[in-house]
file final_34.txt (compact mmCIF, C-alpha atoms)
# COMPACT_ATOMS: atom_id res chain seq x y z
CA MET A 1 0.00 0.00 0.00
CA PRO A 2 1.51 3.39 -0.94
CA ALA A 3 2.27 5.71 1.96
CA LEU A 4 3.47 9.29 2.23
CA CYS A 5 5.48 10.96 4.97
CA ARG A 6 3.91 14.34 5.62
CA ASP A 7 7.12 15.70 7.12
CA CYS A 8 9.78 14.82 4.53
CA LEU A 9 7.43 13.88 1.63
CA THR A 10 9.02 10.46 1.13
CA ILE A 11 6.82 7.91 -0.69
CA PHE A 12 7.19 4.34 0.53
CA ASN A 13 5.29 1.14 1.16
CA SER A 14 2.97 1.27 4.15
CA GLY A 15 4.56 1.21 7.57
CA GLN A 16 4.27 2.72 11.04
CA ARG A 17 7.05 5.26 10.49
CA CYS A 18 8.80 6.95 7.60
CA PRO A 19 11.93 4.97 6.65
CA ALA A 20 13.76 8.21 5.79
CA CYS A 21 13.07 10.52 8.76
CA HIS A 22 11.28 8.09 11.14
CA SER A 23 8.29 10.43 11.49
CA PRO A 24 5.00 8.79 12.52
CA ARG A 25 3.06 11.43 10.54
CA ILE A 26 2.22 9.29 7.55
CA VAL A 27 -0.87 8.80 5.40
CA ALA A 28 -1.50 5.59 3.51
CA ASP A 29 -4.22 4.30 1.19
CA PRO A 30 -4.33 2.03 -1.88
CA GLU A 31 -5.65 4.99 -3.93
CA LEU A 32 -3.46 7.65 -2.31
CA MET A 33 -1.55 8.49 -5.48
CA ASP A 34 -4.64 8.48 -7.73
CA LEU A 35 -7.06 10.86 -5.97
CA SER A 36 -7.11 14.53 -6.91
CA ILE A 37 -10.09 16.36 -5.31
CA ALA A 38 -9.12 18.01 -2.03
CA HIS A 39 -10.46 20.26 0.70
CA MET A 40 -7.98 22.32 2.72
CA ASP A 41 -9.23 23.73 6.01
CA CYS A 42 -7.02 25.91 8.18
CA ASP A 43 -6.85 24.92 11.85
CA ALA A 44 -8.64 27.41 14.15
CA PHE A 45 -7.62 30.05 11.62
CA TYR A 46 -8.47 33.34 13.35
CA ALA A 47 -7.11 32.15 16.70
CA SER A 48 -3.98 30.80 15.00
CA VAL A 49 -3.31 34.16 13.35
CA GLU A 50 -3.71 35.87 16.75
CA LYS A 51 -1.26 33.44 18.38
CA ARG A 52 1.21 33.84 15.56
CA ASP A 53 1.11 37.63 15.78
CA ASN A 54 1.23 37.67 19.60
CA PRO A 55 3.56 34.95 20.97
CA ASP A 56 2.36 35.68 24.53
CA LEU A 57 -0.89 33.92 23.57
CA ARG A 58 0.79 30.74 22.35
CA ASP A 59 0.04 28.51 25.36
CA LYS A 60 -3.19 30.21 26.44
CA PRO A 61 -6.82 29.42 25.58
CA VAL A 62 -7.82 32.05 23.02
CA ILE A 63 -11.33 32.96 21.94
CA VAL A 64 -11.89 35.31 19.01
CA GLY A 65 -15.23 37.07 19.20
CA GLY A 66 -17.34 39.93 20.50
CA GLY A 67 -18.23 41.10 23.97
CA GLN A 68 -20.42 39.48 26.58
CA ARG A 69 -23.46 39.66 24.27
CA GLY A 70 -21.61 38.39 21.21
CA VAL A 71 -20.73 34.92 20.02
CA VAL A 72 -17.54 32.96 19.54
CA THR A 73 -16.11 33.49 16.07
CA THR A 74 -13.48 30.80 16.60
CA ALA A 75 -11.56 29.24 19.47
CA CYS A 76 -8.11 27.72 19.64
CA TYR A 77 -7.76 24.02 20.39
CA ILE A 78 -6.85 24.67 24.03
CA ALA A 79 -10.18 26.43 24.51
CA ARG A 80 -11.97 23.68 22.60
CA ILE A 81 -10.74 21.14 25.15
CA HIS A 82 -12.93 23.01 27.65
CA GLY A 83 -15.95 22.69 25.34
CA VAL A 84 -15.82 26.09 23.63
CA ARG A 85 -17.17 26.00 20.07
CA SER A 86 -17.75 28.44 17.23
CA ALA A 87 -21.08 30.31 17.31
CA MET A 88 -21.44 29.64 21.05
CA PRO A 89 -22.69 32.62 23.09
CA MET A 90 -19.71 34.37 24.64
CA PHE A 91 -21.08 34.23 28.17
CA LYS A 92 -21.38 30.44 27.93
CA ALA A 93 -17.88 30.11 26.48
CA LEU A 94 -16.43 32.07 29.39
CA GLN A 95 -18.33 29.91 31.85
CA LEU A 96 -16.69 26.84 30.32
CA CYS A 97 -13.27 28.43 30.04
CA PRO A 98 -12.99 31.38 32.48
CA ASP A 99 -9.23 31.72 31.89
CA ALA A 100 -9.64 32.30 28.17
CA VAL A 101 -8.18 35.38 26.53
CA VAL A 102 -10.87 37.04 24.41
CA VAL A 103 -9.57 38.83 21.32
CA LYS A 104 -11.63 41.06 19.06
CA PRO A 105 -11.54 39.92 15.41
CA ARG A 106 -8.99 41.57 13.10
CA PHE A 107 -10.44 40.73 9.73
CA GLU A 108 -7.81 42.69 7.84
CA ALA A 109 -5.10 40.44 9.32
CA TYR A 110 -7.09 37.29 8.53
CA ALA A 111 -7.73 38.45 4.96
CA ALA A 112 -4.02 39.16 4.47
CA ALA A 113 -3.08 35.68 5.70
CA SER A 114 -5.78 34.17 3.50
CA ARG A 115 -4.34 35.90 0.43
CA GLU A 116 -0.91 34.45 1.18
CA ILE A 117 -2.38 30.94 1.48
CA ARG A 118 -4.37 31.44 -1.71
CA ALA A 119 -1.18 32.41 -3.56
CA MET A 120 0.40 29.12 -2.45
CA MET A 121 -2.65 27.24 -3.75
CA GLU A 122 -2.37 29.05 -7.07
CA ASP A 123 1.12 27.58 -7.43
CA LEU A 124 -0.50 24.13 -7.44
CA THR A 125 -3.63 24.52 -9.56
CA PRO A 126 -5.92 27.17 -11.05
CA ALA A 127 -8.96 25.08 -10.03
CA ILE A 128 -9.60 26.57 -6.58
CA GLU A 129 -13.03 27.13 -5.02
CA PRO A 130 -12.76 29.20 -1.83
CA LEU A 131 -15.53 28.69 0.71
CA SER A 132 -14.29 31.30 3.17
CA LEU A 133 -11.05 32.94 4.22
CA ASP A 134 -9.76 29.71 5.74
CA GLU A 135 -10.98 26.87 3.53
CA ALA A 136 -11.15 25.92 -0.12
CA PHE A 137 -11.63 23.04 -2.53
CA LEU A 138 -8.82 22.23 -4.95
CA ASP A 139 -8.87 20.07 -8.06
CA LEU A 140 -5.36 18.82 -8.88
CA THR A 141 -6.42 16.56 -11.74
CA GLY A 142 -3.73 16.52 -14.40
CA THR A 143 -1.10 18.35 -12.31
CA ALA A 144 1.17 15.37 -11.58
CA ARG A 145 3.36 15.96 -14.64
CA LEU A 146 3.60 19.71 -13.98
CA HIS A 147 4.77 19.23 -10.38
CA ALA A 148 6.58 15.92 -10.93
CA ALA A 149 4.52 14.57 -8.03
CA PRO A 150 1.01 13.15 -7.50
CA PRO A 151 -1.62 15.46 -5.95
CA ALA A 152 -1.19 13.92 -2.47
CA VAL A 153 2.45 15.01 -2.39
CA SER A 154 1.63 18.50 -3.66
CA LEU A 155 -1.00 18.90 -0.93
CA ALA A 156 1.37 17.73 1.79
CA ARG A 157 3.91 20.20 0.43
CA LEU A 158 1.29 22.97 0.59
CA VAL A 159 0.52 22.55 4.30
CA ARG A 160 4.21 22.12 5.11
CA ARG A 161 4.94 25.37 3.29
CA MET A 162 2.13 27.11 5.19
CA GLU A 163 3.71 26.07 8.48
CA GLN A 164 7.24 27.03 7.48
CA GLU A 165 6.52 30.36 5.79
CA LEU A 166 3.34 31.59 7.48
CA ARG A 167 3.42 29.67 10.80
CA LEU A 168 -0.17 28.57 10.19
CA SER A 169 -1.43 24.99 9.93
CA GLY A 170 -4.12 23.33 7.89
CA SER A 171 -5.79 19.95 7.44
CA ILE A 172 -6.25 18.14 4.13
CA GLY A 173 -9.12 15.94 2.99
CA LEU A 174 -8.43 14.01 -0.21
CA SER A 175 -11.03 12.02 -2.12
CA HIS A 176 -12.75 11.55 -5.47
CA ASN A 177 -15.38 14.30 -5.01
CA LYS A 178 -16.07 17.48 -3.04
CA PHE A 179 -18.59 15.97 -0.61
CA LEU A 180 -16.16 13.34 0.66
CA ALA A 181 -13.10 15.62 0.53
CA LYS A 182 -14.79 18.08 2.90
CA ILE A 183 -15.76 15.30 5.31
CA ALA A 184 -12.20 13.95 5.21
CA SER A 185 -10.63 17.27 6.14
CA ASP A 186 -12.42 17.11 9.52
CA LEU A 187 -11.36 13.57 10.39
CA ASP A 188 -7.83 14.21 11.61
CA LYS A 189 -7.66 17.80 12.88
CA PRO A 190 -5.47 19.64 13.60
CA ARG A 191 -2.59 19.21 11.13
CA GLY A 192 -4.47 16.33 9.58
CA PHE A 193 -4.42 14.50 6.27
CA ALA A 194 -7.24 12.01 5.68
CA VAL A 195 -8.25 10.03 2.61
CA ILE A 196 -11.60 8.57 1.54
CA SER A 197 -11.02 6.35 -1.49
CA ARG A 198 -13.49 5.20 -4.10
CA ALA A 199 -13.26 1.61 -2.90
CA GLY A 200 -13.64 2.65 0.73
CA THR A 201 -16.55 5.08 0.30
CA GLU A 202 -19.40 2.68 1.01
CA ASN A 203 -17.76 1.25 4.10
CA PHE A 204 -16.86 4.71 5.40
CA LEU A 205 -20.40 6.07 5.09
CA ARG A 206 -22.06 3.02 6.66
CA GLY A 207 -23.71 3.91 9.97
CA LYS A 208 -22.73 7.59 9.89
CA PRO A 209 -25.30 10.15 11.13
CA VAL A 210 -27.06 12.24 8.48
CA GLY A 211 -25.71 15.32 10.27
CA MET A 212 -22.32 14.51 8.77
CA ILE A 213 -23.64 15.55 5.37
CA TRP A 214 -22.65 19.12 4.58
CA GLY A 215 -25.72 21.37 4.73
CA VAL A 216 -27.82 19.08 6.93
CA GLY A 217 -28.38 21.23 9.99
CA ALA A 218 -30.71 20.95 12.96
CA ALA A 219 -33.85 21.87 11.01
CA THR A 220 -33.17 19.34 8.25
CA ARG A 221 -32.27 16.64 10.79
CA ALA A 222 -35.62 17.22 12.48
CA GLN A 223 -37.47 16.81 9.18
CA LEU A 224 -35.57 13.63 8.40
CA ALA A 225 -36.15 12.27 11.90
CA GLN A 226 -39.92 12.57 11.38
CA ALA A 227 -39.48 10.18 8.47
CA GLY A 228 -37.39 7.79 10.56
CA ILE A 229 -34.09 8.85 8.99
CA ALA A 230 -31.21 9.30 11.42
CA THR A 231 -28.28 7.66 9.65
CA ILE A 232 -26.98 7.31 6.12
CA ASP A 233 -28.03 3.66 6.28
CA ASP A 234 -31.60 4.88 6.77
CA LEU A 235 -31.31 6.99 3.62
CA LEU A 236 -30.08 4.00 1.64
CA ARG A 237 -33.33 2.17 2.37
CA TRP A 238 -35.37 4.82 0.54
CA ASP A 239 -36.03 4.78 -3.19
CA GLN A 240 -34.88 7.87 -5.07
CA SER A 241 -38.41 8.72 -6.21
CA ASP A 242 -39.79 8.45 -2.67
CA LEU A 243 -37.11 10.73 -1.22
CA GLY A 244 -37.77 13.24 -3.99
CA ALA A 245 -41.51 13.14 -3.40
CA ARG A 246 -41.09 13.60 0.37
CA PHE A 247 -38.27 16.15 0.48
CA GLY A 248 -38.04 17.63 -3.02
CA ALA A 249 -34.64 18.63 -4.38
CA MET A 250 -33.06 18.08 -0.98
CA GLY A 251 -34.25 14.46 -0.99
CA LEU A 252 -32.72 13.81 -4.41
CA ARG A 253 -29.46 15.36 -3.26
CA LEU A 254 -29.39 13.19 -0.13
CA TRP A 255 -30.05 10.04 -2.19
CA HIS A 256 -26.86 10.66 -4.17
CA LEU A 257 -24.71 11.78 -1.24
CA ALA A 258 -25.70 8.74 0.83
CA ARG A 259 -24.03 6.71 -1.91
CA GLY A 260 -20.97 8.95 -1.99
CA GLN A 261 -21.98 10.45 -5.34
CA ASP A 262 -21.21 14.12 -6.00
CA THR A 263 -20.68 15.39 -9.55
CA ARG A 264 -20.21 19.08 -8.68
CA PRO A 265 -17.01 20.43 -10.21
CA VAL A 266 -14.52 22.54 -8.30
CA SER A 267 -15.64 25.95 -9.54
CA ARG A 268 -13.16 28.80 -9.42
CA ASP A 269 -15.87 31.46 -9.37
CA PRO A 270 -18.99 30.07 -7.69
CA ASN A 271 -21.99 32.37 -7.80
CA VAL A 272 -22.16 34.69 -4.80
CA LYS A 273 -25.81 35.28 -3.91
CA SER A 274 -25.42 37.91 -1.20
CA ILE A 275 -22.90 40.00 0.73
CA SER A 276 -23.73 40.97 4.30
CA LYS A 277 -22.27 41.98 7.65
CA GLU A 278 -23.80 42.07 11.11
CA THR A 279 -22.79 42.91 14.65
CA THR A 280 -24.11 41.91 18.08
CA PHE A 281 -24.11 44.65 20.73
CA ASP A 282 -22.84 44.37 24.29
CA ARG A 283 -26.17 45.82 25.45
CA ASP A 284 -29.55 46.39 23.83
CA LEU A 285 -29.63 49.60 21.78
CA GLN A 286 -32.40 51.93 20.65
CA ASP A 287 -30.60 55.27 20.30
CA PRO A 288 -31.01 56.23 16.60
CA GLU A 289 -27.69 58.05 16.40
CA ILE A 290 -25.69 55.13 17.81
CA LEU A 291 -27.53 52.62 15.62
CA GLU A 292 -26.92 54.75 12.53
CA GLY A 293 -23.23 54.83 13.38
CA HIS A 294 -23.18 51.03 13.42
CA LEU A 295 -25.24 51.00 10.22
CA TRP A 296 -22.66 53.14 8.44
CA ARG A 297 -19.75 50.96 9.53
CA LEU A 298 -21.55 47.81 8.39
CA SER A 299 -22.51 49.42 5.07
CA ASP A 300 -18.89 50.43 4.53
CA GLN A 301 -17.72 46.85 5.19
CA VAL A 302 -20.34 45.37 2.84
CA ALA A 303 -19.32 47.86 0.16
CA SER A 304 -15.65 46.97 0.58
CA ARG A 305 -16.40 43.28 0.11
CA ALA A 306 -18.57 43.98 -2.92
CA LYS A 307 -15.88 46.14 -4.53
CA ALA A 308 -13.25 43.48 -3.90
CA LYS A 309 -15.42 40.94 -5.75
CA ALA A 310 -16.38 43.42 -8.52
CA LEU A 311 -20.06 42.97 -7.64
CA ALA A 312 -22.99 45.30 -7.07
CA GLY A 313 -26.38 44.65 -5.47
CA ARG A 314 -29.84 45.82 -6.46
CA VAL A 315 -31.59 44.97 -3.17
CA VAL A 316 -30.48 46.29 0.24
CA THR A 317 -31.54 44.24 3.27
CA LEU A 318 -31.63 45.34 6.91
CA LYS A 319 -31.64 42.75 9.71
CA LEU A 320 -32.50 43.48 13.33
CA LYS A 321 -32.73 41.14 16.31
CA ARG A 322 -34.84 42.31 19.24
CA ALA A 323 -34.07 41.75 22.89
CA ASP A 324 -36.51 38.81 22.85
CA HIS A 325 -34.50 37.30 19.93
CA ARG A 326 -37.22 37.93 17.36
CA VAL A 327 -35.63 38.77 14.01
CA LEU A 328 -36.96 41.60 11.83
CA THR A 329 -35.97 41.83 8.18
CA ARG A 330 -36.60 44.80 5.91
CA ARG A 331 -35.52 45.29 2.29
CA THR A 332 -35.67 47.87 -0.44
CA SER A 333 -34.73 47.90 -4.13
CA LEU A 334 -32.30 50.37 -5.69
CA ARG A 335 -32.83 52.10 -9.06
CA THR A 336 -29.61 50.53 -10.32
CA PRO A 337 -27.23 47.99 -8.71
CA SER A 338 -24.56 49.61 -6.51
CA CYS A 339 -21.51 48.73 -4.45
CA LEU A 340 -21.14 52.17 -2.86
CA ALA A 341 -21.28 52.44 0.91
CA ASP A 342 -23.10 55.76 0.65
CA VAL A 343 -25.87 54.21 -1.46
CA ILE A 344 -26.22 51.14 0.76
CA TYR A 345 -26.34 53.28 3.90
CA ARG A 346 -28.88 55.76 2.52
CA ALA A 347 -31.13 52.90 1.39
CA ALA A 348 -30.97 51.13 4.77
CA GLN A 349 -31.27 54.27 6.91
CA PRO A 350 -35.06 54.80 6.43
CA LEU A 351 -35.64 51.07 6.97
CA LEU A 352 -33.92 51.41 10.34
CA GLY A 353 -35.96 54.51 11.17
CA GLN A 354 -39.22 52.70 10.46
CA ALA A 355 -38.19 49.75 12.64
CA LEU A 356 -37.06 51.75 15.70
CA ILE A 357 -40.49 51.46 17.30
CA ASN A 358 -39.80 47.71 17.68
CA GLY A 359 -36.57 48.21 19.64
CA PRO A 360 -34.41 47.91 21.58
CA PHE A 361 -32.13 45.69 19.50
CA ARG A 362 -29.29 43.33 20.30
CA LEU A 363 -28.12 42.79 16.70
CA LEU A 364 -27.94 44.87 13.53
CA GLY A 365 -27.02 43.67 10.06
CA VAL A 366 -27.05 44.98 6.50
CA GLY A 367 -26.54 43.25 3.18
CA ILE A 368 -27.03 43.38 -0.57
CA THR A 369 -28.60 40.74 -2.82
CA GLU A 370 -29.53 40.28 -6.49
CA LEU A 371 -25.87 40.72 -7.32
CA SER A 372 -24.42 41.48 -10.73
CA ALA A 373 -20.99 42.20 -12.15
CA HIS A 374 -19.74 45.72 -11.55
CA ASP A 375 -17.44 47.41 -14.06
CA GLY A 376 -16.04 50.06 -11.72
CA ALA A 377 -17.81 53.00 -13.38
CA GLU A 378 -18.15 56.09 -11.20
CA PHE A 379 -21.88 56.62 -10.83
CA ASN A 380 -24.98 57.33 -12.90
CA ALA A 381 -26.36 60.76 -12.05
CA ASP A 382 -29.55 60.71 -10.01
CA LEU A 383 -31.82 63.66 -10.83
CA LEU A 384 -33.64 63.16 -7.54
CA ASP A 385 -30.41 63.46 -5.55
CA PRO A 386 -28.06 66.05 -7.10
CA GLY A 387 -25.37 65.37 -4.47
CA ALA A 388 -25.14 61.64 -5.19
CA GLU A 389 -22.53 61.90 -7.93
CA GLY A 390 -20.28 64.10 -5.79
CA ARG A 391 -20.51 61.67 -2.87
CA ALA A 392 -19.74 58.78 -5.19
CA ARG A 393 -16.60 60.49 -6.49
CA ALA A 394 -15.54 61.25 -2.93
CA GLU A 395 -16.00 57.59 -1.98
CA ARG A 396 -13.90 56.46 -4.93
CA ALA A 397 -11.17 58.86 -3.81
CA ILE A 398 -11.34 57.41 -0.28
CA ASP A 399 -11.10 53.89 -1.75
CA ALA A 400 -7.93 54.88 -3.59
CA LEU A 401 -6.37 56.30 -0.40
CA ARG A 402 -7.27 53.17 1.58
CA ALA A 403 -5.83 50.94 -1.12
CA ARG A 404 -2.56 52.85 -0.91
CA PHE A 405 -2.26 53.57 2.81
CA GLY A 406 -4.44 50.95 4.51
CA PRO A 407 -8.11 50.54 5.56
CA ASP A 408 -7.84 53.09 8.38
CA ALA A 409 -6.29 55.83 6.23
CA VAL A 410 -9.64 57.67 5.99
CA ILE A 411 -12.44 57.38 8.55
CA LYS A 412 -15.74 59.21 8.15
CA GLY A 413 -17.11 61.10 11.11
CA ARG A 414 -20.37 59.17 11.16
CA SER A 415 -18.41 55.97 11.83
CA LEU A 416 -17.25 57.42 15.17
CA ARG A 417 -20.75 57.52 16.66

call {"tool": "encode", "arguments": {"input": "final_34.txt", "output": "structure tokens"}}
result
Amino acid sequence: MPALCRDCLTIFNSGQRCPACHSPRIVADPELMDLSIAHMDCDAFYASVEKRDNPDLRDKPVIVGGGQRGVVTTACYIARIHGVRSAMPMFKALQLCPDAVVVKPRFEAYAAASREIRAMMEDLTPAIEPLSLDEAFLDLTGTARLHAAPPAVSLARLVRRMEQELRLSGSIGLSHNKFLAKIASDLDKPRGFAVISRAGTENFLRGKPVGMIWGVGAATRAQLAQAGIATIDDLLRWDQSDLGARFGAMGLRLWHLARGQDTRPVSRDPNVKSISKETTFDRDLQDPEILEGHLWRLSDQVASRAKAKALAGRVVTLKLKRADHRVLTRRTSLRTPSCLADVIYRAAQPLLGQALINGPFRLLGVGITELSAHDGAEFNADLLDPGAEGRARAERAIDALRARFGPDAVIKGRSLR
């Protein structure tokens, strides 16, 4: 059985240790040198960047997230030993791990690290499908001749290079399709490398809970449970037509995934359906001036993301969560798609004003949908708002300054509220 040392990249016949460097960090599978669809997932990415940039945090439990009313964005593995998990309310996380160091997110630093990792991926293959800043699918089909090494070796070289040059670690899942590659990347964290082969797919999936399937959350599990489906084995007992009749498109998808079938290609530019940003407050807020300050900052962040992706949105959406956790959503359509912070803010501002009677609020979010490609043109004059074109030109000038001198080079007064 072929085996690969993940430390020195030696290929050898299966054994407990590498014959060259004696490392126990090996991966072995009969199909190891033939598989080419991978999922790379950074290990506790945000927390790892914080520990890298601040060595004093290295041996401490670190939680990246908001204040007492916020949620955990990510937690390092030391904190996870205490039961801390992503999306957990911060107060609960601190109850589980009172010695944790809480760090506010620094998305600019995470984005910079992500770009460096992406550049390393580009050296391997152009077929990259990012899912977020810290994870992506890669298709290395046909790259063996280019790199004089099978995909498994190239992937091991990638994560080794990440550790040596960026001091960040990642885990690899290697398989014959995206569904199984993503599952595999979670099997051996952190610093993992797991393989699910074609021949081993059926045996691997046998008895696994349906929650292992990507996209099957609590609500879907509850629907499946009503039909007596708790495991992948339960899915296998259903005919394809019956699953489709009961659960629609989701049922047909589950029929294929239960058999390890996934024909989706690794798409370099998957369609982005929305761009949004939200924040949870330390205390409930109803003051219009303070809320509008948060609204501007969120609009500016959404606009920055849209500009980076060369996209514009035609619908602006406002999201509010009340103190009783009820969620209010309001939306409005623009005359033409836009990626300007000023336009997004001015569209969302009256929606916020109309909703204030329902406050106070613990969360505020803003986003754009119905996205389309944006060519970077300045702005189409609006006869109903003579100042719009001037504000648009000013925003473009601010964008140029930020691109040259950093995101904090220019800060508008309204963002200081």

call {"tool": "residues_around", "arguments": {"input": "final_34.txt", "residues": "Ala93 (chain A)", "least_positions_apart": "2", "cutoff": "12 Å", "atoms": "only C-alpha atoms", "output": "VMD selection string"}}
result
chain A and resid 61 to 75 79 to 91 95 to 102

call {"tool": "closest_residue", "arguments": {"input": "final_34.txt", "among": "A:Ala28, A:Leu166, A:Ile78, A:Met250", "to": "Phe12 (chain A)", "atoms": "all atoms listed in the file"}}
result
A:Ala28

call {"tool": "atom_distance", "arguments": {"input": "final_34.txt", "atom1": "CA of Phe361 (chain A)", "atom2": "CA of Phe281 (chain A)"}}
result
8.2 Å

call {"tool": "residues_around", "arguments": {"input": "final_34.txt", "residues": "region 217-234 of chain A", "least_positions_apart": "5", "cutoff": "7 Å", "atoms": "all atoms listed in the file", "output": "JSON, numbers by chain"}}
result
{"A": [205, 206, 207, 208, 209, 210, 211, 258]}

call {"tool": "atom_distance", "arguments": {"input": "final_34.txt", "atom1": "CA of Asp56 (chain A)", "atom2": "CA of Asp282 (chain A)"}}
result
26.7 Å

call {"tool": "closest_residue", "arguments": {"input": "final_34.txt", "among": "A:Asp287, A:Glu202, A:Asp186, A:Glu370", "to": "Val315 (chain A)", "atoms": "all atoms listed in the file"}}
result
A:Glu370

call {"tool": "closest_residue", "arguments": {"input": "final_34.txt", "among": "A:Leu243, A:Ser372, A:Pro350, A:Leu257", "to": "Lys307 (chain A)", "atoms": "only C-alpha atoms"}}
result
A:Ser372

call {"tool": "atom_distance", "arguments": {"input": "final_34.txt", "atom1": "CA of Ser267 (chain A)", "atom2": "CA of Ser36 (chain A)"}}
result
14.5 Å

call {"tool": "axis_aligned_box", "arguments": {"input": "final_34.txt", "around": "region 187-196 of chain A", "padding_each_side": "6 Å", "output": "lines of an AutoDock Vina configuration file"}}
result
center_x = -7.1
center_y = 14.1
center_z = 7.6
size_x = 21.0
size_y = 23.1
size_z = 24.1

call {"tool": "closest_residue", "arguments": {"input": "final_34.txt", "among": "A:Val266, A:Val195, A:Ala38, A:Leu168", "to": "Ala127 (chain A)", "atoms": "only C-alpha atoms"}}
result
A:Val266

call {"tool": "residues_around", "arguments": {"input": "final_34.txt", "residues": "Asp300 (chain A)", "least_positions_apart": "6", "cutoff": "9 Å", "atoms": "all atoms listed in the file", "output": "PDB file with C-alpha atoms, in the coordinates of the input"}}
result
ATOM      1  CA  LEU A 340     -21.140  52.170  -2.860  1.00  0.00           C
ATOM      2  CA  ALA A 341     -21.280  52.440   0.910  1.00  0.00           C
ATOM      3  CA  ASP A 342     -23.100  55.760   0.650  1.00  0.00           C
ATOM      4  CA  ILE A 344     -26.220  51.140   0.760  1.00  0.00           C
ATOM      5  CA  TYR A 345     -26.340  53.280   3.900  1.00  0.00           C
TER       6      TYR A 345
END
